[in-house]
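**Student:** Attaching a single structure in structure tokens format; questions to follow.
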Amino acid sequence: MSWANPKTYIMPRIEPAYKRILLKLSGESLLGGYDYGIDLEMAKSIAQEIKEIHDLGVQIAIVIGGGNIFRGVHGTEVGMDRASADYIGLLATVMNGIALQSALEKEGVFTRHISAVEIKAVAEPFIRRRVIRHLEKGRIVIFSAGIGSPYFTTDTAAALRALEIKAQVILKATKVDGIYSADPLKDKTAKKFYSIKYLDVIKKGLKVMDTTAISLCKDNELPIIVFNLKKKGNIKKAVLGQKIGTRVY
Ligand code: UDP
């Protein structure tokens with residue numbers, strides 16, 4: 001084979017660095033230009049990026065958050081019982097799951113929506129072996145309702161589900177380029193970490209994921225890549241193993 005001879009030259013295949021990933025999308029990622037709710041144009045744009053990595057043959061599971069609609073803490077701030085407030089948050093993630101599923105299917109990929117609380121009309125229950133089968137068949141799996149219990153976050157759900165389905169990495173999409181020593185949107189002197197150990201994230205109190213989620217990843221040596229979703233093409237770069245964002249190891 002020679003580069004000079006177009007008849008014998010075969011285009012090199014782009015090989016993803018991972019076969020199975022868990023993508024954590026916060027509810028905020030669906031805000032787009034809005035202050036509240038779901039921007040369907042944003043959902044479409046995210047779906048197109050996800051389809052691109054699906055076309056590379058990567059098995060994709062997504063955990064969707066609900067912060068664009070409701071967070072349990074907002075309820076407790078006005079005196080609501082924490083568990084009830086969290087259940088509202090859980091249901092918010094189910095709505096986001098429906099929107100994301102619809103956007104993905106418009107791009108022509110097959111999907112399955114799995115809710116951790118039973119809500120038969122819109123989502124399947126979580127059955128680990130069945131979910132793995134969906135992934136093997138090339139269906140994109142969307143997990144909603146966190147782990148199904150109050151007092152947790154969808155970051156913890158991402159860590160738990162990633163371990164259960166044996167994902168090789170968690171790709172945590174955020175609105176900044178990675179993990180910084182302080183909030184880069186508020187503090188101009190904030191420094192970016194290109195990689196950081198789990199324990200340092202906890203010790204330094206960096207707001208990446210809650211400590212339950214980080215501990216689960218640490219105990220099971222599951223790497224996390226934190227990257228900026230707002231830059232188009234970043235999900236693909238992460239999947240191809242290119243150096244973007246911050247790697248927690
Ligand atoms: N939640 C919960 N248990 C879970 C996951 C989520 O009670 O296992 C509730 C909690 O109230 C949380 C809300 O759902 O505030 C939305 O989830 P999260 O804040 O993790 O969403 P994100 O920040 O990713 O948008």
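By order in the structure tokens, chains are A, B, ...; within a chain, residues start at 1; ligands start at 1, following the order shown.
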Could you please extract the residues within 7 Å of ligand 1, counting only C-alpha atoms and all ligand atoms, and hand them back as a ChimeraX atom specification?

**Tutor:** /A:25-28,64-68,70-73,85-90,92-93,145-157

**Student:** Those selected residues, please, written with N, CA, C and O atoms and delivered as a compact mmCIF listing (two decimals), in the first residue's frame.

**Tutor:**
# COMPACT_ATOMS: atom_id res chain seq x y z
N LEU A 25 -25.13 14.02 31.23
CA LEU A 25 -25.60 15.33 30.77
C LEU A 25 -26.39 15.97 31.89
O LEU A 25 -27.39 15.39 32.37
N SER A 26 -25.99 17.16 32.31
CA SER A 26 -26.78 17.83 33.35
C SER A 26 -28.05 18.35 32.70
O SER A 26 -28.12 18.53 31.48
N GLY A 27 -29.04 18.62 33.53
CA GLY A 27 -30.26 19.23 33.02
C GLY A 27 -29.94 20.56 32.35
O GLY A 27 -30.51 20.90 31.31
N GLU A 28 -28.99 21.27 32.93
CA GLU A 28 -28.60 22.59 32.39
C GLU A 28 -28.15 22.53 30.94
O GLU A 28 -28.25 23.51 30.21
N ILE A 64 -29.26 11.49 32.44
CA ILE A 64 -29.71 12.87 32.27
C ILE A 64 -30.12 13.47 33.63
O ILE A 64 -30.78 12.80 34.42
N GLY A 65 -29.69 14.70 33.86
CA GLY A 65 -30.06 15.40 35.10
C GLY A 65 -31.36 16.15 34.96
O GLY A 65 -32.09 16.00 33.97
N GLY A 66 -31.66 16.98 35.96
CA GLY A 66 -32.95 17.68 35.95
C GLY A 66 -32.87 19.12 36.40
O GLY A 66 -33.90 19.79 36.57
N GLY A 67 -31.63 19.61 36.60
CA GLY A 67 -31.44 20.95 37.17
C GLY A 67 -32.03 22.10 36.36
O GLY A 67 -32.20 23.19 36.89
N ASN A 68 -32.34 21.87 35.09
CA ASN A 68 -32.97 22.92 34.27
C ASN A 68 -34.44 23.11 34.64
O ASN A 68 -35.06 24.09 34.25
N PHE A 70 -35.94 21.43 38.02
CA PHE A 70 -36.11 21.45 39.48
C PHE A 70 -34.99 20.69 40.18
O PHE A 70 -34.62 19.61 39.75
N ARG A 71 -34.49 21.27 41.25
CA ARG A 71 -33.54 20.57 42.12
C ARG A 71 -34.15 20.50 43.50
O ARG A 71 -34.77 21.46 43.97
N GLY A 72 -33.95 19.36 44.15
CA GLY A 72 -34.52 19.15 45.48
C GLY A 72 -34.21 20.27 46.45
O GLY A 72 -35.07 20.71 47.22
N VAL A 73 -32.98 20.80 46.40
CA VAL A 73 -32.59 21.85 47.36
C VAL A 73 -33.48 23.09 47.23
O VAL A 73 -33.72 23.78 48.22
N ALA A 85 -39.29 16.95 47.80
CA ALA A 85 -38.64 17.86 46.84
C ALA A 85 -37.78 17.05 45.87
O ALA A 85 -37.78 17.30 44.66
N ASP A 86 -37.05 16.08 46.39
CA ASP A 86 -36.19 15.27 45.53
C ASP A 86 -37.01 14.45 44.53
O ASP A 86 -36.57 14.24 43.39
N TYR A 87 -38.18 14.00 44.95
CA TYR A 87 -39.00 13.24 43.98
C TYR A 87 -39.44 14.14 42.83
O TYR A 87 -39.55 13.69 41.69
N ILE A 88 -39.67 15.43 43.11
CA ILE A 88 -40.00 16.35 42.01
C ILE A 88 -38.79 16.43 41.07
O ILE A 88 -38.92 16.38 39.85
N GLY A 89 -37.59 16.55 41.68
CA GLY A 89 -36.35 16.59 40.88
C GLY A 89 -36.22 15.34 40.02
O GLY A 89 -35.88 15.42 38.83
N LEU A 90 -36.52 14.19 40.61
CA LEU A 90 -36.44 12.92 39.88
C LEU A 90 -37.35 12.94 38.66
O LEU A 90 -36.97 12.52 37.57
N ALA A 92 -38.41 15.50 37.09
CA ALA A 92 -37.89 16.46 36.10
C ALA A 92 -36.93 15.74 35.15
O ALA A 92 -36.94 15.98 33.94
N THR A 93 -36.11 14.85 35.69
CA THR A 93 -35.15 14.13 34.83
C THR A 93 -35.88 13.23 33.82
O THR A 93 -35.39 13.01 32.72
N ALA A 145 -34.41 9.52 36.23
CA ALA A 145 -34.84 9.32 37.64
C ALA A 145 -33.69 8.91 38.55
O ALA A 145 -33.90 8.25 39.58
N GLY A 146 -32.48 9.31 38.18
CA GLY A 146 -31.31 9.08 39.04
C GLY A 146 -31.20 7.63 39.46
O GLY A 146 -31.31 6.72 38.64
N ILE A 147 -30.99 7.41 40.77
CA ILE A 147 -30.95 6.03 41.25
C ILE A 147 -32.33 5.63 41.80
O ILE A 147 -32.51 4.54 42.32
N GLY A 148 -33.28 6.55 41.71
CA GLY A 148 -34.65 6.24 42.13
C GLY A 148 -34.93 6.58 43.58
O GLY A 148 -36.04 6.34 44.07
N SER A 149 -33.95 7.13 44.28
CA SER A 149 -34.14 7.47 45.69
C SER A 149 -33.78 8.93 45.95
O SER A 149 -32.84 9.44 45.33
N PRO A 150 -34.50 9.56 46.89
CA PRO A 150 -34.13 10.93 47.25
C PRO A 150 -32.78 10.95 47.95
O PRO A 150 -32.23 9.90 48.29
N TYR A 151 -32.26 12.13 48.19
CA TYR A 151 -30.96 12.36 48.84
C TYR A 151 -29.77 11.99 47.96
O TYR A 151 -28.64 11.92 48.44
N PHE A 152 -30.01 11.70 46.69
CA PHE A 152 -28.89 11.41 45.79
C PHE A 152 -28.91 12.40 44.63
O PHE A 152 -29.84 13.18 44.49
N THR A 153 -27.89 12.33 43.80
CA THR A 153 -27.84 13.20 42.62
C THR A 153 -27.71 12.32 41.37
O THR A 153 -27.40 11.12 41.47
N THR A 154 -27.87 12.95 40.23
CA THR A 154 -27.72 12.18 39.00
C THR A 154 -26.23 11.89 38.71
O THR A 154 -25.93 11.03 37.90
N ASP A 155 -25.32 12.61 39.39
CA ASP A 155 -23.89 12.27 39.26
C ASP A 155 -23.63 10.91 39.90
O ASP A 155 -22.89 10.08 39.37
N THR A 156 -24.24 10.68 41.05
CA THR A 156 -24.09 9.37 41.70
C THR A 156 -24.72 8.29 40.83
O THR A 156 -24.17 7.20 40.68
N ALA A 157 -25.86 8.62 40.22
CA ALA A 157 -26.51 7.67 39.31
C ALA A 157 -25.56 7.35 38.15
O ALA A 157 -25.46 6.19 37.73

**Student:** Check stretch 29-79 of chain A with DSSP on the backbone and list each residue it calls alpha helix (DSSP H), as a list in words.

**Tutor:**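 The alpha helix (DSSP H) residues within stretch 29-79 of chain A come out as Leu40, Glu41, Met42, Ala43, Lys44, Ser45, Ile46, Ala47, Gln48, Glu49, Ile50, Lys51, Glu52, Ile53, His54, Gly72, Val73, His74, Gly75, Thr76 and Glu77 of chain A.
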
**Student:** Could you check which of A:Glu49, A:Asp81, A:Glu136, A:Asp177 is closest to A:Tyr194, using only C-alpha atoms?

**Tutor:**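 So, comparing all the options, the nearest one is A:Asp177.
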
**Student:** Which residue, A:Val131, A:Ala17, A:Ile170, A:Val201, has the smallest gap to A:Leu56 when you use only C-alpha atoms?

**Tutor:**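 Under the stated criterion, the closest residue is A:Ala17.
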
**Student:** Among stretch 122-174 of chain A, which residues does DSSP mark as strand (DSSP E) when it is run on the backbone? Keep the chain and numbering as in the structure and answer as a ChimeraX atom specification.

**Tutor:** /A:140-144,169-174

**Student:** Using only C-alpha atoms, which protein or nucleic acid residues come within 10 Å of A:Leu185? Drop anything in the same chain fewer than 5 positions from it, and give the result as a PyMOL selection string.

**Tutor:** chain A and resi 175-176+190

**Student:** Interatomic distance between atom CA of A:Val58 and atom CA of A:Lys19?

**Tutor:**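 Pair atom CA of A:Val58 / atom CA of A:Lys19 returns 5.0 Å.
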
**Student:** Report as a list in words all protein, DNA and RNA residues lying within 8 Å of stretch 108-113 of chain A, evaluated on only C-alpha atoms, omitting residues in the same chain fewer than 2 positions from it.

**Tutor:** Lys51, Gly97, Ile98, Gln101, Leu104, Glu105, Lys106, Ser115, Val122, Ala123, Glu124, His134, Gly138, Arg139, Ile140, Val141, Ile142, Phe143 and Ser144 of chain A

**Student:** Go ahead and save the picked residues with C-alpha atoms, as an mmCIF file, in the first residue's frame.

**Tutor:**
data_model
loop_
_atom_site.group_PDB
_atom_site.id
_atom_site.type_symbol
_atom_site.label_atom_id
_atom_site.label_comp_id
_atom_site.auth_asym_id
_atom_site.auth_seq_id
_atom_site.Cartn_x
_atom_site.Cartn_y
_atom_site.Cartn_z
ATOM 1 C CA LYS A 51 -25.157 10.329 16.748
ATOM 2 C CA GLY A 97 -35.232 11.916 29.195
ATOM 3 C CA ILE A 98 -38.332 12.020 26.980
ATOM 4 C CA GLN A 101 -35.046 10.359 23.401
ATOM 5 C CA LEU A 104 -32.104 11.224 19.244
ATOM 6 C CA GLU A 105 -34.753 9.275 17.383
ATOM 7 C CA LYS A 106 -35.195 12.210 14.991
ATOM 8 C CA SER A 115 -36.372 5.165 34.478
ATOM 9 C CA VAL A 122 -42.856 6.371 29.079
ATOM 10 C CA ALA A 123 -39.891 4.276 30.200
ATOM 11 C CA GLU A 124 -38.669 0.749 30.903
ATOM 12 C CA HIS A 134 -29.712 -2.909 24.392
ATOM 13 C CA GLY A 138 -26.493 -0.529 19.266
ATOM 14 C CA ARG A 139 -29.390 1.147 21.050
ATOM 15 C CA ILE A 140 -28.606 4.326 22.939
ATOM 16 C CA VAL A 141 -29.770 3.957 26.517
ATOM 17 C CA ILE A 142 -31.066 6.992 28.432
ATOM 18 C CA PHE A 143 -31.226 6.640 32.204
ATOM 19 C CA SER A 144 -33.585 8.985 34.044
#

**Student:** Quote the spacing between atom CA of A:Ile244 and atom CA of A:Ile165 in Å to one decimal place.

**Tutor:**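 Spanning atom CA of A:Ile244 to atom CA of A:Ile165 is a straight-line distance of 24.4 Å.
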
**Student:** Do you know which residues are at most 12 Å from A:Met209 counting only C-alpha atoms, after dropping those on the same chain fewer than 2 positions away, and could you put them as a ChimeraX atom specification?

**Tutor:** /A:24,26,152-159,170-174,179,198,201-202,205-207,211-217,224-226,248

**Student:** Pick out the closest residue to A:Ile50 from this set: A:Asn220, A:Thr76, A:Asn234, A:Asn96. Count only C-alpha atoms.

**Tutor:**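 Ranked by minimum distance to A:Ile50, first place goes to A:Asn234.
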
**Student:** Smallest atom-to-atom distance to A:Leu163: which of A:Arg130, A:Arg20, A:Lys243, A:Lys236, using only C-alpha atoms?

**Tutor:**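 Nearest candidate to A:Leu163 out of A:Arg130, A:Arg20, A:Lys243, A:Lys236: A:Arg20.
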
**Student:** Leaving out stretch 41-46 of chain A and any residue of its chain fewer than 2 positions from it, which residues lie within 6 Å of it when counting only C-alpha atoms, given as a VMD selection string?

**Tutor:** chain A and resid 30 32 39 48 to 49 103

**Student:** Would you pick out the contacts of A:Ser181 at 9 Å or less, using only C-alpha atoms, so that residues sharing its chain but fewer than 6 positions from it are not included, and give the list as a PyMOL selection string?

**Tutor:** chain A and resi 189-193+204+206

**Student:** Residues of the last selection are to be written out with all heavy atoms, as a compact mmCIF listing (two decimals), in the first residue's frame.

**Tutor:**
# COMPACT_ATOMS: atom_id res chain seq x y z
N THR A 189 -8.33 34.17 38.29
CA THR A 189 -7.03 33.54 38.61
C THR A 189 -7.15 32.01 38.70
O THR A 189 -6.16 31.32 38.96
CB THR A 189 -6.48 34.06 39.96
OG1 THR A 189 -7.38 33.65 41.00
CG2 THR A 189 -6.35 35.59 39.98
N ALA A 190 -8.35 31.48 38.47
CA ALA A 190 -8.57 30.03 38.59
C ALA A 190 -7.67 29.28 37.60
O ALA A 190 -7.53 29.68 36.45
CB ALA A 190 -10.03 29.72 38.31
N LYS A 191 -7.05 28.20 38.09
CA LYS A 191 -6.14 27.41 37.23
C LYS A 191 -6.80 26.09 36.85
O LYS A 191 -7.45 25.46 37.69
CB LYS A 191 -4.84 27.12 37.98
CG LYS A 191 -3.93 28.32 38.04
CD LYS A 191 -2.47 27.85 38.28
CE LYS A 191 -1.51 29.02 38.21
NZ LYS A 191 -1.60 29.89 39.38
N LYS A 192 -6.54 25.67 35.61
CA LYS A 192 -7.15 24.41 35.15
C LYS A 192 -6.24 23.22 35.47
O LYS A 192 -5.02 23.31 35.33
CB LYS A 192 -7.38 24.49 33.65
CG LYS A 192 -8.04 23.26 33.08
CD LYS A 192 -8.29 23.40 31.60
CE LYS A 192 -8.55 22.04 30.99
NZ LYS A 192 -8.73 22.11 29.54
N PHE A 193 -6.84 22.14 35.89
CA PHE A 193 -6.11 20.88 36.08
C PHE A 193 -6.30 20.05 34.80
O PHE A 193 -7.43 19.91 34.34
CB PHE A 193 -6.69 20.07 37.25
CG PHE A 193 -6.59 20.75 38.59
CD1 PHE A 193 -7.69 21.41 39.13
CD2 PHE A 193 -5.41 20.73 39.31
CE1 PHE A 193 -7.62 22.03 40.37
CE2 PHE A 193 -5.33 21.36 40.55
CZ PHE A 193 -6.43 22.00 41.08
N LYS A 204 -9.74 18.95 48.04
CA LYS A 204 -9.76 20.37 47.68
C LYS A 204 -11.20 20.91 47.62
O LYS A 204 -11.41 22.09 47.37
CB LYS A 204 -9.09 20.59 46.32
CG LYS A 204 -7.58 20.36 46.32
CD LYS A 204 -7.03 20.58 44.91
CE LYS A 204 -5.67 19.98 44.71
NZ LYS A 204 -4.59 20.67 45.38
N LEU A 206 -13.41 20.43 45.33
CA LEU A 206 -13.74 20.94 43.99
C LEU A 206 -15.13 20.46 43.58
O LEU A 206 -15.47 19.30 43.76
CB LEU A 206 -12.69 20.46 42.98
CG LEU A 206 -11.25 20.91 43.29
CD1 LEU A 206 -10.27 20.25 42.34
CD2 LEU A 206 -11.14 22.42 43.21
